[in-house]
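*Asks:* First the structure, which I've put down as structure tokens, then a few questions once you've had a look.
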Amino acid sequence: MDVDLRSDTVTQPTEEMRAAMARAEVGDDVFGEDPTVNRLEGMAADMLGKEAAMFIPSGTMGNLAAILTHCTRGDEAILGDLAHTFLYEAGGMAALGGVHPRAIPNRPDGTLDPAQIEAAVRADDVHFPVSRLICLENTHNRCGGAALSAEYTRLVGEVARRRGLALHIDGARIFNAAAALGVPAAELAGPADSVTFCLSKALCAPVGSVLCGDGVFIRRARRIRKQLGGGMRQAGILAAAGIVALETMVDRLAEDHLRARRLAAGLAAIPGIQLEPGTPHTNMVYIRLADGAPEAGRVAERVRARGVRVEPRDARRFRLVLHYWVDDDGVERTVAAFREALAAG
Ligand SMILES: Cc1ncc(COP(=O)(O)O)c(C=O)c1O
């Protein structure tokens, strides 16, 4: 089998997940009658330290549902210029919600400068949109998979409260952040009014994300989910895999981080490969090809011919993502494949 490091979204469900899906007790979730979805939502809310939760088809829809629940047309959301929500969610907040994104620079560690957040909050003036929401991302995908600390998140939470804004966290990989920082995910989510996390990435489930918040917020978000076409019927089939993900995949994430460090060390020893500063923070290794090395597309083809799938981020960079299906042997095969690919000149 190929070693696939393109993303942690490529993860196949485990046999245990498939078995749980086959025997899942189900009902109509739009009526609130799917016991398996209800159980997943209860578990997720507990783990994130929130009152309530809502199962939703994707991380993109989870973030959008959160933003549209917090904001109305003409409101503004302050977020990072490298945020997934800003770059890779097809402008959903603007296209579907009339919400104006106000992007401020992400620092290399994935954070936003709290002073810049505060400076971006609009004065009450008819010329301006209404500042309503701050969005953070933890771990931060485009910033090397960096984990944002609980202390930093509290600081931003204080800015939000002081200025009367809500705080949403795109926590697609918040359990990776929790594992890296050695704190419960609930501590990272604590200062936020809402948080989404993905079951379908590092946690290996085939489909689904969860949006968590207080009871009133989640009740309102359910109407938005319906508007977006995300109300699913016998969704317990999917939620069953999500429950197995929460039970079996959260506590093992540190293994992926350890393998990411081993992979980084192995690759760093290859002439022509440079590690990006700080990498790996969690389960992502960002590497750069030195001047004189072949282009990333050629390297990717050569590595692929050796049974390792990687995707260039640009002509000289790769993001390699560790997950459940990459074991120690996969790490060694990857290092060997890159060594041979670069030795080929
Ligand atoms: C940080 C982050 N947020 C949100 C998403 C969106 O998730 P989905 O692909 O389930 O829509 C992703 C997807 O890779 C992500 O990396």
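Following the order of the structure tokens, chains are lettered A, B, ..., residues in each are numbered from 1, and ligands are numbered from 1.
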Taking only C-alpha atoms and all ligand atoms and a cut-off of 6 Å, can you tell me which residues surround ligand 1, written as a list in words?

*Replies:*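 The residues within 6 Å of ligand 1, counting only C-alpha atoms and all ligand atoms, are Ser58, Gly59, Thr60, His84, Asn141, Asp170 and Ala172 of chain A.
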
*Asks:* Select from region 126-214 of chain A everything DSSP, run on the backbone, classes as strand (DSSP E or B), then give the selection as a list of chain:residue names.

*Replies:*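 Answer for region 126-214 of chain A, restricted to strand (DSSP E or B): A:Val130, A:Ser131, A:Arg132, A:Leu133, A:Ile134, A:Cys135, A:Leu136, A:Glu137, A:His140, A:Ala146, A:Ala166, A:Leu167, A:His168, A:Ile169, A:Asp170, A:Ser194, A:Val195, A:Thr196, A:Phe197, A:Cys198, A:Ser209, A:Val210, A:Leu211, A:Cys212, A:Gly213.
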
*Asks:* Counting only C-alpha atoms, which residues in region 184-295 of chain A sit no more than 6 Å from region 23-44 of chain A? For each one, give the nearest pair of atoms and the distance in Å, sorted by chain then residue number, as CSV.

*Replies:*
residue,atom,partner,partner_atom,distance
A:Gly231,CA,A:Val30,CA,5.8
A:Arg233,CA,A:Asp28,CA,4.6
A:Gln234,CA,A:Asp28,CA,5.2
A:Gly236,CA,A:Thr36,CA,4.8
A:Ile237,CA,A:Ala24,CA,5.7
A:Ala239,CA,A:Val37,CA,5.3
A:Ile243,CA,A:Leu40,CA,5.6

*Asks:* Work out how far apart CA of Gln227 (chain A) and CA of Val99 (chain A) are and give it in Å to one decimal.

*Replies:*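 Computing it gives 16.0 Å between the two atoms.
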
*Asks:* List the spatial neighbours of Ala241 (chain A) as a list in words - criterion: any atom at most 10 Å away, only C-alpha atoms, same-chain residues fewer than 3 positions off excluded.

*Replies:*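 Neighbouring residues, sequence-local ones excluded: Pro13, Thr14, Glu15, Glu16, Met17, Arg18, Ala19, Ala20, Met21, Ala22, Ala24, Thr36, Leu40, Leu199, Ser200, Leu203, Cys204, Ala205, Pro206, Val207, Gly208, Gly236, Ile237, Leu238, Val244, Ala245, Leu246 and Glu247 of chain A.
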
*Asks:* I'd like the neighbourhood of Ala177 (chain A) as JSON, numbers by chain, where a residue qualifies if any of its atoms comes within 7 Å (using only C-alpha atoms), though same-chain residues fewer than 6 positions away should be ignored.

*Replies:* {"A": [138, 139, 147]}

*Asks:* Can you tell me, as a list in words, what residues are no more than 9 Å from Val303 (chain A) when counting only C-alpha atoms, ignoring any on the same chain fewer than 4 positions away?

*Replies:*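 Listing them by chain and then by number gives Arg298, Val299, Gly307, Val308, Arg309, Val310, Thr334, Ala337, Phe338, Glu340 and Ala341 of chain A.
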
*Asks:* Find the distance between CA of Thr85 (chain A) and CA of Leu289 (chain A) and write it in Å to one decimal.

*Replies:*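 A separation of 28.2 Å between them.
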